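**Q** Just so it is clear, I am handing over data_19.pdb, which has PDB, C-alpha atoms and all ligand atoms.
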```
ATOM      1  CA  MET A 153      20.333 -17.622  25.683
ATOM      2  CA  ARG A 154      16.787 -17.277  26.964
ATOM      3  CA  ARG A 155      14.187 -16.599  24.349
ATOM      4  CA  PRO A 156      12.332 -13.327  24.778
ATOM      5  CA  LYS A 157       9.024 -13.902  26.522
ATOM      6  CA  ILE A 158       6.016 -14.444  24.330
ATOM      7  CA  SER A 159       3.311 -12.001  25.352
ATOM      8  CA  ILE A 160      -0.315 -13.002  25.304
ATOM      9  CA  LEU A 161      -3.395 -10.847  25.654
ATOM     10  CA  LEU A 162      -6.217 -12.798  27.271
ATOM     11  CA  VAL A 163      -9.694 -11.266  26.989
ATOM     12  CA  GLU A 164     -11.910 -13.345  29.267
ATOM     13  CA  ASP A 165     -14.577 -12.211  31.725
ATOM     14  CA  TYR A 166     -14.940 -15.445  33.669
ATOM     15  CA  VAL A 167     -12.376 -14.872  36.405
ATOM     16  CA  PRO A 168     -11.656 -18.491  37.478
ATOM     17  CA  LEU A 169     -10.951 -19.479  33.878
ATOM     18  CA  ALA A 170      -8.866 -16.372  33.213
ATOM     19  CA  GLU A 171      -6.803 -17.057  36.341
ATOM     20  CA  ASN A 172      -6.253 -20.679  35.454
ATOM     21  CA  ILE A 173      -5.154 -19.877  31.901
ATOM     22  CA  GLU A 174      -2.873 -17.128  33.178
ATOM     23  CA  ARG A 175      -1.294 -19.443  35.750
ATOM     24  CA  TYR A 176      -0.819 -22.238  33.246
ATOM     25  CA  LEU A 177       0.737 -20.012  30.589
ATOM     26  CA  ALA A 178       2.959 -18.286  33.159
ATOM     27  CA  LEU A 179       4.313 -21.733  34.114
ATOM     28  CA  LYS A 180       5.151 -22.206  30.448
ATOM     29  CA  ASP A 181       7.082 -18.935  30.555
ATOM     30  CA  TYR A 182       4.539 -16.797  28.739
ATOM     31  CA  GLU A 183       3.733 -13.259  29.764
ATOM     32  CA  VAL A 184      -0.017 -12.867  30.087
ATOM     33  CA  ARG A 185      -2.109  -9.723  30.383
ATOM     34  CA  VAL A 186      -5.721 -10.389  31.326
ATOM     35  CA  VAL A 187      -8.565  -7.982  30.596
ATOM     36  CA  PRO A 188     -12.183  -8.720  31.522
ATOM     37  CA  ASP A 189     -14.242  -7.040  28.809
ATOM     38  CA  GLY A 190     -14.359  -6.478  25.074
ATOM     39  CA  LYS A 191     -13.704  -2.733  25.031
ATOM     40  CA  GLN A 192     -10.555  -3.008  27.126
ATOM     41  CA  GLY A 193      -9.540  -6.005  25.065
ATOM     42  CA  LEU A 194      -9.788  -4.049  21.844
ATOM     43  CA  TYR A 195      -7.861  -1.126  23.313
ATOM     44  CA  GLU A 196      -5.056  -3.408  24.517
ATOM     45  CA  ALA A 197      -4.917  -5.345  21.242
ATOM     46  CA  VAL A 198      -4.537  -2.273  19.050
ATOM     47  CA  THR A 199      -2.254  -0.234  21.316
ATOM     48  CA  GLY A 200      -0.121  -3.014  22.803
ATOM     49  CA  GLU A 201       2.388  -5.381  21.253
ATOM     50  CA  TYR A 202       1.258  -8.968  21.689
ATOM     51  CA  HIS A 203       2.264 -12.184  19.984
ATOM     52  CA  CYS A 204      -1.225 -13.624  20.284
ATOM     53  CA  VAL A 205      -4.703 -12.600  21.478
ATOM     54  CA  ILE A 206      -6.934 -15.159  23.188
ATOM     55  CA  LEU A 207     -10.428 -13.818  22.812
ATOM     56  CA  ASP A 208     -13.592 -15.097  24.458
ATOM     57  CA  ILE A 209     -16.753 -14.666  22.371
ATOM     58  CA  GLY A 210     -19.229 -13.961  25.183
ATOM     59  CA  LEU A 211     -17.897 -10.762  26.762
ATOM     60  CA  PRO A 212     -19.377  -7.696  28.485
ATOM     61  CA  GLU A 213     -19.271  -4.298  26.705
ATOM     62  CA  MET A 214     -18.421  -5.707  23.279
ATOM     63  CA  ASP A 215     -18.530  -9.324  22.182
ATOM     64  CA  GLY A 216     -15.492 -11.185  20.918
ATOM     65  CA  LEU A 217     -16.665 -11.229  17.307
ATOM     66  CA  ALA A 218     -16.951  -7.427  17.241
ATOM     67  CA  VAL A 219     -13.562  -7.122  18.936
ATOM     68  CA  ALA A 220     -11.868  -9.395  16.363
ATOM     69  CA  GLU A 221     -13.458  -7.469  13.533
ATOM     70  CA  ALA A 222     -12.315  -4.136  14.973
ATOM     71  CA  ILE A 223      -8.762  -5.420  15.518
ATOM     72  CA  ARG A 224      -8.556  -6.392  11.840
ATOM     73  CA  ARG A 225     -10.180  -3.147  10.714
ATOM     74  CA  ASP A 226      -7.402  -1.388  12.563
ATOM     75  CA  GLY A 227      -4.923  -3.301  10.390
ATOM     76  CA  LYS A 228      -3.495  -5.400  13.226
ATOM     77  CA  THR A 229      -2.298  -8.819  12.072
ATOM     78  CA  VAL A 230      -1.768 -10.258  15.567
ATOM     79  CA  PRO A 231      -2.974 -13.890  15.633
ATOM     80  CA  ILE A 232      -6.375 -14.274  17.311
ATOM     81  CA  LEU A 233      -7.522 -17.462  18.998
ATOM     82  CA  MET A 234     -11.256 -17.424  19.757
ATOM     83  CA  LEU A 235     -12.680 -19.161  22.786
ATOM     84  CA  THR A 236     -16.258 -20.207  22.518
ATOM     85  CA  SER A 237     -18.557 -22.140  24.805
ATOM     86  CA  ARG A 238     -20.823 -22.645  21.841
ATOM     87  CA  SER A 239     -19.765 -25.295  19.425
ATOM     88  CA  ARG A 240     -22.341 -24.114  16.933
ATOM     89  CA  THR A 241     -20.758 -24.104  13.526
ATOM     90  CA  GLU A 242     -22.148 -20.653  12.711
ATOM     91  CA  ASP A 243     -20.212 -19.094  15.609
ATOM     92  CA  VAL A 244     -17.050 -20.747  14.428
ATOM     93  CA  VAL A 245     -17.650 -19.611  10.866
ATOM     94  CA  ALA A 246     -18.510 -16.077  12.061
ATOM     95  CA  GLY A 247     -15.360 -15.957  14.166
ATOM     96  CA  LEU A 248     -13.122 -17.051  11.333
ATOM     97  CA  SER A 249     -14.775 -14.775   8.804
ATOM     98  CA  VAL A 250     -14.231 -11.664  10.958
ATOM     99  CA  GLY A 251     -10.545 -12.408  11.126
ATOM    100  CA  ALA A 252      -9.901 -14.888  13.938
ATOM    101  CA  ASP A 253      -7.153 -17.364  13.047
ATOM    102  CA  ASP A 254      -8.284 -20.329  15.097
ATOM    103  CA  TYR A 255     -10.810 -21.259  17.754
ATOM    104  CA  LEU A 256     -11.143 -23.531  20.733
ATOM    105  CA  THR A 257     -14.399 -24.749  22.222
ATOM    106  CA  LYS A 258     -14.776 -24.687  26.017
ATOM    107  CA  PRO A 259     -14.050 -26.768  27.959
ATOM    108  CA  PHE A 260     -10.619 -27.471  26.548
ATOM    109  CA  ASP A 261      -7.447 -29.196  27.576
ATOM    110  CA  TYR A 262      -4.773 -26.628  28.496
ATOM    111  CA  ARG A 263      -2.176 -28.578  26.579
ATOM    112  CA  GLU A 264      -4.330 -28.117  23.513
ATOM    113  CA  LEU A 265      -4.586 -24.385  24.226
ATOM    114  CA  LEU A 266      -0.804 -24.224  24.462
ATOM    115  CA  ALA A 267      -0.358 -26.161  21.203
ATOM    116  CA  ARG A 268      -2.723 -23.786  19.396
ATOM    117  CA  ILE A 269      -0.929 -20.711  20.737
ATOM    118  CA  GLU A 270       2.480 -22.102  19.811
ATOM    119  CA  SER A 271       1.273 -22.874  16.325
ATOM    120  CA  LEU A 272      -0.264 -19.400  15.858
ATOM    121  CA  VAL A 273       2.840 -17.650  17.116
ATOM    122  CA  ARG A 274       5.089 -19.810  14.937
ATOM    123  CA  ARG A 275       2.936 -19.123  11.912
ATOM    124  CA  SER A 276       3.036 -15.397  12.544
ATOM    125  CA  GLN A 277       6.835 -15.554  12.332
ATOM    126  CA  TRP A 278       6.747 -16.106   8.589
ATOM    127  CA  ARG A 279       4.088 -13.468   8.320
ATOM    128  CA  VAL A 280       6.929 -10.971   8.494
ATOM    129  CA  GLU A 281       6.172  -7.290   8.301
ATOM    130  CA  THR A 282       7.057  -6.943   4.673
ATOM    131  CA  VAL A 283       5.845  -7.069   1.123
ATOM    132  CA  ILE A 284       5.995 -10.313  -0.846
ATOM    133  CA  THR A 285       6.002  -9.926  -4.629
ATOM    134  CA  VAL A 286       5.569 -12.920  -6.917
ATOM    135  CA  GLY A 287       5.098 -11.808 -10.519
ATOM    136  CA  PRO A 288       1.816  -9.854 -10.684
ATOM    137  CA  LEU A 289       0.947 -10.808  -7.093
ATOM    138  CA  VAL A 290       1.817  -8.375  -4.293
ATOM    139  CA  ILE A 291       1.055  -9.193  -0.670
ATOM    140  CA  ASP A 292       1.430  -6.391   1.831
ATOM    141  CA  ALA A 293       1.687  -8.205   5.146
ATOM    142  CA  ASP A 294       1.689  -4.974   7.135
ATOM    143  CA  ARG A 295      -1.656  -3.896   5.757
ATOM    144  CA  ARG A 296      -2.859  -7.448   5.138
ATOM    145  CA  GLN A 297      -3.687  -6.491   1.552
ATOM    146  CA  VAL A 298      -3.348  -8.390  -1.676
ATOM    147  CA  ALA A 299      -2.959  -6.881  -5.139
ATOM    148  CA  TRP A 300      -3.220  -8.881  -8.352
ATOM    149  CA  HIS A 301      -2.116  -7.247 -11.612
ATOM    150  CA  GLY A 302      -2.282  -3.908  -9.834
ATOM    151  CA  GLU A 303      -5.865  -4.358  -8.644
ATOM    152  CA  SER A 304      -6.758  -4.879  -5.003
ATOM    153  CA  LEU A 305      -7.988  -8.420  -4.348
ATOM    154  CA  GLU A 306     -10.494  -9.213  -1.601
ATOM    155  CA  CYS A 307      -9.472 -12.260   0.408
ATOM    156  CA  SER A 308     -10.996 -13.836   3.514
ATOM    157  CA  GLY A 309      -8.686 -14.392   6.468
ATOM    158  CA  ARG A 310      -7.973 -18.000   5.566
ATOM    159  CA  GLU A 311      -7.522 -17.272   1.857
ATOM    160  CA  TYR A 312      -5.035 -14.595   2.780
ATOM    161  CA  GLU A 313      -3.075 -16.947   5.037
ATOM    162  CA  LEU A 314      -3.036 -19.696   2.447
ATOM    163  CA  LEU A 315      -1.990 -17.377  -0.359
ATOM    164  CA  SER A 316       0.701 -15.775   1.822
ATOM    165  CA  TYR A 317       2.131 -19.138   2.715
ATOM    166  CA  LEU A 318       2.169 -20.305  -0.894
ATOM    167  CA  ALA A 319       3.724 -16.991  -1.938
ATOM    168  CA  HIS A 320       6.344 -17.317   0.774
ATOM    169  CA  ARG A 321       7.243 -20.676  -0.818
ATOM    170  CA  ALA A 322       6.530 -19.563  -4.399
ATOM    171  CA  GLY A 323       7.541 -22.001  -7.114
ATOM    172  CA  GLN A 324       7.949 -24.882  -4.656
ATOM    173  CA  VAL A 325       5.482 -27.686  -4.198
ATOM    174  CA  VAL A 326       4.154 -27.494  -0.653
ATOM    175  CA  SER A 327       2.598 -30.638   0.757
ATOM    176  CA  ARG A 328      -1.010 -30.710   1.876
ATOM    177  CA  GLU A 329       0.139 -31.645   5.371
ATOM    178  CA  GLU A 330       2.425 -28.648   5.581
ATOM    179  CA  LEU A 331      -0.287 -26.288   4.342
ATOM    180  CA  LEU A 332      -2.785 -27.639   6.850
ATOM    181  CA  ARG A 333      -0.281 -27.427   9.660
ATOM    182  CA  GLU A 334       0.987 -23.941   8.818
ATOM    183  CA  VAL A 335      -2.239 -22.309   7.683
ATOM    184  CA  TRP A 336      -4.856 -24.123   9.751
ATOM    185  CA  GLY A 337      -2.765 -24.873  12.814
ATOM    186  CA  ASN A 338      -3.842 -28.122  14.335
ATOM    187  CA  PRO A 339      -6.069 -29.751  11.768
ATOM    188  CA  ASP A 340      -9.301 -31.089  13.201
ATOM    189  CA  GLU A 341     -12.628 -32.140  11.797
ATOM    190  CA  PHE A 342     -13.198 -28.613  10.466
ATOM    191  CA  SER A 343      -9.960 -28.496   8.548
ATOM    192  CA  THR A 344      -9.325 -31.615   6.535
ATOM    193  CA  THR A 345      -7.520 -31.873   3.225
ATOM    194  CA  LYS A 346     -10.927 -31.404   1.657
ATOM    195  CA  THR A 347     -11.170 -27.959   3.272
ATOM    196  CA  LEU A 348      -7.763 -27.158   1.832
ATOM    197  CA  ASP A 349      -8.876 -28.201  -1.652
ATOM    198  CA  VAL A 350     -11.946 -25.970  -1.328
ATOM    199  CA  TYR A 351      -9.774 -22.977  -0.410
ATOM    200  CA  ILE A 352      -7.387 -23.706  -3.272
ATOM    201  CA  GLY A 353     -10.506 -23.591  -5.477
ATOM    202  CA  TYR A 354     -11.438 -20.155  -4.075
ATOM    203  CA  LEU A 355      -7.961 -18.828  -4.810
ATOM    204  CA  ARG A 356      -7.987 -20.252  -8.326
ATOM    205  CA  LYS A 357     -11.274 -18.500  -8.960
ATOM    206  CA  LYS A 358      -9.575 -15.226  -8.081
ATOM    207  CA  LEU A 359      -6.157 -15.754  -9.651
ATOM    208  CA  GLY A 360      -6.943 -18.102 -12.514
ATOM    209  CA  VAL A 361      -6.697 -21.887 -12.541
ATOM    210  CA  GLU A 362      -3.111 -21.889 -13.823
ATOM    211  CA  ALA A 363      -1.840 -19.753 -10.938
ATOM    212  CA  ILE A 364      -1.753 -22.731  -8.574
ATOM    213  CA  THR A 365      -0.375 -26.027  -9.806
ATOM    214  CA  THR A 366      -1.482 -29.345  -8.316
ATOM    215  CA  ARG A 367       1.102 -32.024  -7.693
ATOM    216  CA  LYS A 368      -1.229 -34.991  -7.553
ATOM    217  CA  GLY A 369      -1.275 -36.839  -4.272
ATOM    218  CA  PHE A 370       1.203 -34.415  -2.728
ATOM    219  CA  GLY A 371       0.337 -30.757  -2.662
ATOM    220  CA  TYR A 372       0.240 -27.402  -4.391
ATOM    221  CA  ALA A 373       2.581 -24.774  -5.761
ATOM    222  CA  LEU A 374       1.999 -21.129  -6.499
ATOM    223  CA  THR A 375       3.264 -20.727 -10.035
ATOM    224  CA  VAL A 376       1.892 -17.316 -10.950
ATOM    225  CA  GLU A 377       5.080 -16.235 -12.694
ATOM    226  CA  CYS A 378       4.574 -19.091 -15.146
ATOM    227  CA  THR A 379       1.479 -17.303 -16.403
ATOM    228  CA  GLN A 380       3.743 -14.566 -17.724
ATOM    229  CA  MET A 381       6.804 -16.536 -18.719
ATOM    230  CA  PRO A 382       7.369 -19.465 -21.036
ATOM    231  CA  PRO A 383       6.830 -22.744 -19.193
ATOM    232  CA  ASN A 384       9.911 -23.821 -17.331
ATOM    233  CA  ASP A 385      10.180 -27.436 -16.282
ATOM    234  CA  ASP A 386      12.510 -26.608 -13.418
ATOM    235  CA  VAL A 387      10.023 -24.453 -11.595
ATOM    236  CA  LEU A 388       8.406 -27.354  -9.796
ATOM    237  CA  GLU A 389      11.590 -29.194  -8.945
TER     238      GLU A 389
HETATM  239 CA    CA A 401     -17.467 -15.145  28.686
END
```
Can you turn what I pasted into structure tokens?
Ligand code: CA
**A**
Amino acid sequence: MRRPKISILLVEDYVPLAENIERYLALKDYEVRVVPDGKQGLYEAVTGEYHCVILDIGLPEMDGLAVAEAIRRDGKTVPILMLTSRSRTEDVVAGLSVGADDYLTKPFDYRELLARIESLVRRSQWRVETVITVGPLVIDADRRQVAWHGESLECSGREYELLSYLAHRAGQVVSREELLREVWGNPDEFSTTKTLDVYIGYLRKKLGVEAITTRKGFGYALTVECTQMPPNDDVLE
């Protein structure tokens, strides 16, 4: 049976690049809709059903950062891959902090673009439209909201992804490699195991140190229920 086509929204104003990406992805059996400016891109992203949005930063009408922010404000969880011709770290940080899931610096290898898209789409599969409850932790994937002991918890995009993935595998030890692959996509120099440890630190600050257990040299487990129940040695096995 043929898989249903994966639909991609490409927001890129530079026509030769847009055409090349479209042609390449079409060859790989993706369905691509191209729009040339930020306002149209935002409209398409919030009204259409796409598996992934490829979003240029430098765009007419509305820049990519503002578009990503508006897509998230609208509550859309569609994965966003930012394209930037600037490799300046602050652009990357800005992009990720407004809700982009990954970024690629121009010029890029199309195979790399494809790998990033595949990874984002695969990751969004476990981000099912549902509510995950683990003890006092409630993650509403539809609204992209987290509640902790009944109080709303502010999380950055990456914190949210990391927490969701750990919650999805609650009670199990998840290896660092798996977390990097599933939450960060293709790890590069910006996402090493050190980055992961830093984000685990952020989450522990919010949930309490005991909420996430370290399995030394291997990975992490979300063990929030243990904070309410007597310790159970089986939980980590
Ligand atoms: Ca551009």
**Q** Running the PyMOL selection byres (((chain A and resi 232) around 8) and not hetatm) on this model by hand, what would come out? Give it as a PyMOL selection string.
**A** chain A and resi 204-207+220+230-231+233-234+251-254
**Q** Residues at most 9 Å from Glu329 (chain A), counting all atoms listed in the file, excluding those fewer than 6 positions away in the same chain, as number ranges by chain?
**A** A: 345, 370-371
**Q** Given the file shown, determine the residues that the PyMOL selection byres (((not hetatm)) within 12 of (chain A and resi 401)) selects; report them as a ChimeraX atom specification.
**A** /A:162-170,187-190,206-216,234-238,257-258
**Q** Suppose we keep C-alpha atoms; can you now write the selection as a PDB file, in the frame of the given file?
**A**
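The resulting selection-v6.pdb:
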```pdb
ATOM      1  CA  LEU A 162      -6.217 -12.798  27.271  1.00  0.00           C
ATOM      2  CA  VAL A 163      -9.694 -11.266  26.989  1.00  0.00           C
ATOM      3  CA  GLU A 164     -11.910 -13.345  29.267  1.00  0.00           C
ATOM      4  CA  ASP A 165     -14.577 -12.211  31.725  1.00  0.00           C
ATOM      5  CA  TYR A 166     -14.940 -15.445  33.669  1.00  0.00           C
ATOM      6  CA  VAL A 167     -12.376 -14.872  36.405  1.00  0.00           C
ATOM      7  CA  PRO A 168     -11.656 -18.491  37.478  1.00  0.00           C
ATOM      8  CA  LEU A 169     -10.951 -19.479  33.878  1.00  0.00           C
ATOM      9  CA  ALA A 170      -8.866 -16.372  33.213  1.00  0.00           C
ATOM     10  CA  VAL A 187      -8.565  -7.982  30.596  1.00  0.00           C
ATOM     11  CA  PRO A 188     -12.183  -8.720  31.522  1.00  0.00           C
ATOM     12  CA  ASP A 189     -14.242  -7.040  28.809  1.00  0.00           C
ATOM     13  CA  GLY A 190     -14.359  -6.478  25.074  1.00  0.00           C
ATOM     14  CA  ILE A 206      -6.934 -15.159  23.188  1.00  0.00           C
ATOM     15  CA  LEU A 207     -10.428 -13.818  22.812  1.00  0.00           C
ATOM     16  CA  ASP A 208     -13.592 -15.097  24.458  1.00  0.00           C
ATOM     17  CA  ILE A 209     -16.753 -14.666  22.371  1.00  0.00           C
ATOM     18  CA  GLY A 210     -19.229 -13.961  25.183  1.00  0.00           C
ATOM     19  CA  LEU A 211     -17.897 -10.762  26.762  1.00  0.00           C
ATOM     20  CA  PRO A 212     -19.377  -7.696  28.485  1.00  0.00           C
ATOM     21  CA  GLU A 213     -19.271  -4.298  26.705  1.00  0.00           C
ATOM     22  CA  MET A 214     -18.421  -5.707  23.279  1.00  0.00           C
ATOM     23  CA  ASP A 215     -18.530  -9.324  22.182  1.00  0.00           C
ATOM     24  CA  GLY A 216     -15.492 -11.185  20.918  1.00  0.00           C
ATOM     25  CA  MET A 234     -11.256 -17.424  19.757  1.00  0.00           C
ATOM     26  CA  LEU A 235     -12.680 -19.161  22.786  1.00  0.00           C
ATOM     27  CA  THR A 236     -16.258 -20.207  22.518  1.00  0.00           C
ATOM     28  CA  SER A 237     -18.557 -22.140  24.805  1.00  0.00           C
ATOM     29  CA  ARG A 238     -20.823 -22.645  21.841  1.00  0.00           C
ATOM     30  CA  THR A 257     -14.399 -24.749  22.222  1.00  0.00           C
ATOM     31  CA  LYS A 258     -14.776 -24.687  26.017  1.00  0.00           C
TER      32      LYS A 258
END
```
**Q** One number please: CA of Asp181 (chain A) to CA of Glu196 (chain A), in Å, one decimal.
**A** 20.6 Å
**Q** Which residue is closest to Ala218 (chain A)? Choose from A:Leu355, A:Val286, A:Val198, A:Ala246 and count only C-alpha atoms.
**A**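 Closest candidate: A:Ala246.
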**Q** For Leu194 (chain A), work out the shell of residues within 8 Å, counting only C-alpha atoms and skipping chain neighbours fewer than 5 positions away, then give it as a list in words.
**A**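 Contacts, in chain order: Val219, Ala220, Ala222 and Ile223 of chain A.
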**Q** Please enumerate the residues selected by the PyMOL selection byres (((chain A and resi 183) around 12) and not hetatm) when evaluated against the supplied file, formatted as a ChimeraX atom specification.
**A** /A:156-162,173-182,184-186,201-205
**Q** Between A:Val335, A:Ile291, A:Leu217, A:Ala373, which has the minimum distance to Arg310 (chain A) (counting all atoms listed in the file)?
**A**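 Among the listed residues, the smallest separation from Arg310 (chain A) belongs to A:Val335.
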**Q** For region 317-328 of chain A, please output as a ChimeraX atom specification all residues within 8 Å (counting only C-alpha atoms; exclusion window: fewer than 4 positions along the same chain).
**A** /A:278,284-286,313,332,334-335,345,348,367,370-375,387-389
**Q** Export C-alpha atoms of the chosen residues as a compact mmCIF listing (two decimals), in the coordinates of the input?
**A**
```txt
# COMPACT_ATOMS: atom_id res chain seq x y z
CA TRP A 278 6.75 -16.11 8.59
CA ILE A 284 6.00 -10.31 -0.85
CA THR A 285 6.00 -9.93 -4.63
CA VAL A 286 5.57 -12.92 -6.92
CA GLU A 313 -3.08 -16.95 5.04
CA LEU A 332 -2.78 -27.64 6.85
CA GLU A 334 0.99 -23.94 8.82
CA VAL A 335 -2.24 -22.31 7.68
CA THR A 345 -7.52 -31.87 3.22
CA LEU A 348 -7.76 -27.16 1.83
CA ARG A 367 1.10 -32.02 -7.69
CA PHE A 370 1.20 -34.42 -2.73
CA GLY A 371 0.34 -30.76 -2.66
CA TYR A 372 0.24 -27.40 -4.39
CA ALA A 373 2.58 -24.77 -5.76
CA LEU A 374 2.00 -21.13 -6.50
CA THR A 375 3.26 -20.73 -10.04
CA VAL A 387 10.02 -24.45 -11.60
CA LEU A 388 8.41 -27.35 -9.80
CA GLU A 389 11.59 -29.19 -8.94
```
**Q** What gap, in Å, lies between CA of Gln192 (chain A) and CA of Gly247 (chain A)?
**A** 18.9 Å
**Q** Please determine an axis-aligned box that encloses all atoms of region 178-187 of chain A listed in the file, with 3 Å added on each side, and express its centre and edge lengths in Å to one decimal as lines of an AutoDock Vina configuration file.
**A**
```
center_x = -0.7
center_y = -15.1
center_z = 31.4
size_x = 21.6
size_y = 20.2
size_z = 11.4
```
**Q** Between A:Lys357, A:Gly193, A:Gly369, A:Lys228, which is the closest to Glu306 (chain A) once you count only C-alpha atoms?
**A** A:Lys357
**Q** Go through A:Thr366, A:Thr229, A:Val273, A:Gly200 and flag the residue nearest Asp294 (chain A), using all atoms listed in the file for the distances.
**A**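 The closest residue to Asp294 (chain A) is A:Thr229.
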**Q** Rounded to one decimal place, report the CA of Val350 (chain A)-CA of Val250 (chain A) distance in Å.
**A**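 Rounded to one decimal, the two atoms are 19.0 Å apart.
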**Q** In terms of the shortest atom-to-atom distance over all atoms listed in the file, which of A:Leu289, A:Cys307, A:Arg333, A:Arg274 is closest to Tyr351 (chain A)?
**A**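 Nearest to Tyr351 (chain A): A:Cys307.
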**Q** Counting all atoms listed in the file, figure out which residue out of A:Ala293, A:Leu359, A:Phe260, A:Leu265 gets nearest to Ser316 (chain A).
**A** A:Ala293
**Q** Using N, CA and C atoms, give me region 305-326 of chain A from the structure I just pasted, as a PDB file, in the first residue's frame.
**A**
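decode_19.pdb, written as the output of this step:
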```pdb
ATOM      1  N   LEU A 305       2.602  25.457  33.416  1.00  0.00           N
ATOM      2  CA  LEU A 305       4.065  25.533  33.470  1.00  0.00           C
ATOM      3  C   LEU A 305       4.586  26.069  32.144  1.00  0.00           C
ATOM      4  N   GLU A 306       5.347  27.173  32.213  1.00  0.00           N
ATOM      5  CA  GLU A 306       5.925  27.741  30.997  1.00  0.00           C
ATOM      6  C   GLU A 306       7.110  26.898  30.543  1.00  0.00           C
ATOM      7  N   CYS A 307       7.095  26.490  29.283  1.00  0.00           N
ATOM      8  CA  CYS A 307       8.218  25.727  28.749  1.00  0.00           C
ATOM      9  C   CYS A 307       8.609  26.293  27.389  1.00  0.00           C
ATOM     10  N   SER A 308       9.899  26.355  27.108  1.00  0.00           N
ATOM     11  CA  SER A 308      10.344  26.761  25.772  1.00  0.00           C
ATOM     12  C   SER A 308      10.028  25.603  24.830  1.00  0.00           C
ATOM     13  N   GLY A 309      10.150  25.858  23.539  1.00  0.00           N
ATOM     14  CA  GLY A 309       9.845  24.827  22.550  1.00  0.00           C
ATOM     15  C   GLY A 309      10.608  23.541  22.800  1.00  0.00           C
ATOM     16  N   ARG A 310      11.906  23.660  23.034  1.00  0.00           N
ATOM     17  CA  ARG A 310      12.743  22.480  23.202  1.00  0.00           C
ATOM     18  C   ARG A 310      12.447  21.772  24.525  1.00  0.00           C
ATOM     19  N   GLU A 311      12.208  22.557  25.573  1.00  0.00           N
ATOM     20  CA  GLU A 311      11.849  21.948  26.864  1.00  0.00           C
ATOM     21  C   GLU A 311      10.566  21.138  26.719  1.00  0.00           C
ATOM     22  N   TYR A 312       9.632  21.720  25.998  1.00  0.00           N
ATOM     23  CA  TYR A 312       8.353  21.044  25.781  1.00  0.00           C
ATOM     24  C   TYR A 312       8.555  19.716  25.053  1.00  0.00           C
ATOM     25  N   GLU A 313       9.364  19.754  23.992  1.00  0.00           N
ATOM     26  CA  GLU A 313       9.609  18.536  23.211  1.00  0.00           C
ATOM     27  C   GLU A 313      10.281  17.460  24.065  1.00  0.00           C
ATOM     28  N   LEU A 314      11.268  17.898  24.827  1.00  0.00           N
ATOM     29  CA  LEU A 314      12.022  16.963  25.654  1.00  0.00           C
ATOM     30  C   LEU A 314      11.118  16.342  26.719  1.00  0.00           C
ATOM     31  N   LEU A 315      10.347  17.197  27.375  1.00  0.00           N
ATOM     32  CA  LEU A 315       9.448  16.720  28.422  1.00  0.00           C
ATOM     33  C   LEU A 315       8.385  15.791  27.832  1.00  0.00           C
ATOM     34  N   SER A 316       7.855  16.149  26.660  1.00  0.00           N
ATOM     35  CA  SER A 316       6.837  15.311  26.020  1.00  0.00           C
ATOM     36  C   SER A 316       7.405  13.940  25.698  1.00  0.00           C
ATOM     37  N   TYR A 317       8.643  13.946  25.191  1.00  0.00           N
ATOM     38  CA  TYR A 317       9.219  12.658  24.819  1.00  0.00           C
ATOM     39  C   TYR A 317       9.458  11.795  26.047  1.00  0.00           C
ATOM     40  N   LEU A 318       9.977  12.404  27.103  1.00  0.00           N
ATOM     41  CA  LEU A 318      10.204  11.662  28.344  1.00  0.00           C
ATOM     42  C   LEU A 318       8.876  11.167  28.921  1.00  0.00           C
ATOM     43  N   ALA A 319       7.847  11.997  28.814  1.00  0.00           N
ATOM     44  CA  ALA A 319       6.533  11.626  29.349  1.00  0.00           C
ATOM     45  C   ALA A 319       5.935  10.471  28.550  1.00  0.00           C
ATOM     46  N   HIS A 320       6.153  10.531  27.246  1.00  0.00           N
ATOM     47  CA  HIS A 320       5.687   9.490  26.342  1.00  0.00           C
ATOM     48  C   HIS A 320       6.347   8.144  26.711  1.00  0.00           C
ATOM     49  N   ARG A 321       7.542   8.209  27.247  1.00  0.00           N
ATOM     50  CA  ARG A 321       8.272   7.004  27.668  1.00  0.00           C
ATOM     51  C   ARG A 321       8.404   6.961  29.193  1.00  0.00           C
ATOM     52  N   ALA A 322       7.448   7.540  29.894  1.00  0.00           N
ATOM     53  CA  ALA A 322       7.554   7.691  31.353  1.00  0.00           C
ATOM     54  C   ALA A 322       7.926   6.402  32.067  1.00  0.00           C
ATOM     55  N   GLY A 323       8.855   6.520  33.022  1.00  0.00           N
ATOM     56  CA  GLY A 323       9.253   5.377  33.822  1.00  0.00           C
ATOM     57  C   GLY A 323      10.350   4.544  33.181  1.00  0.00           C
ATOM     58  N   GLN A 324      10.613   4.790  31.887  1.00  0.00           N
ATOM     59  CA  GLN A 324      11.676   4.037  31.207  1.00  0.00           C
ATOM     60  C   GLN A 324      12.912   4.916  31.089  1.00  0.00           C
ATOM     61  N   VAL A 325      14.070   4.270  31.132  1.00  0.00           N
ATOM     62  CA  VAL A 325      15.292   5.037  30.912  1.00  0.00           C
ATOM     63  C   VAL A 325      15.468   5.205  29.407  1.00  0.00           C
ATOM     64  N   VAL A 326      15.582   6.446  28.979  1.00  0.00           N
ATOM     65  CA  VAL A 326      15.754   6.736  27.555  1.00  0.00           C
ATOM     66  C   VAL A 326      17.203   7.175  27.350  1.00  0.00           C
TER      67      VAL A 326
END
```
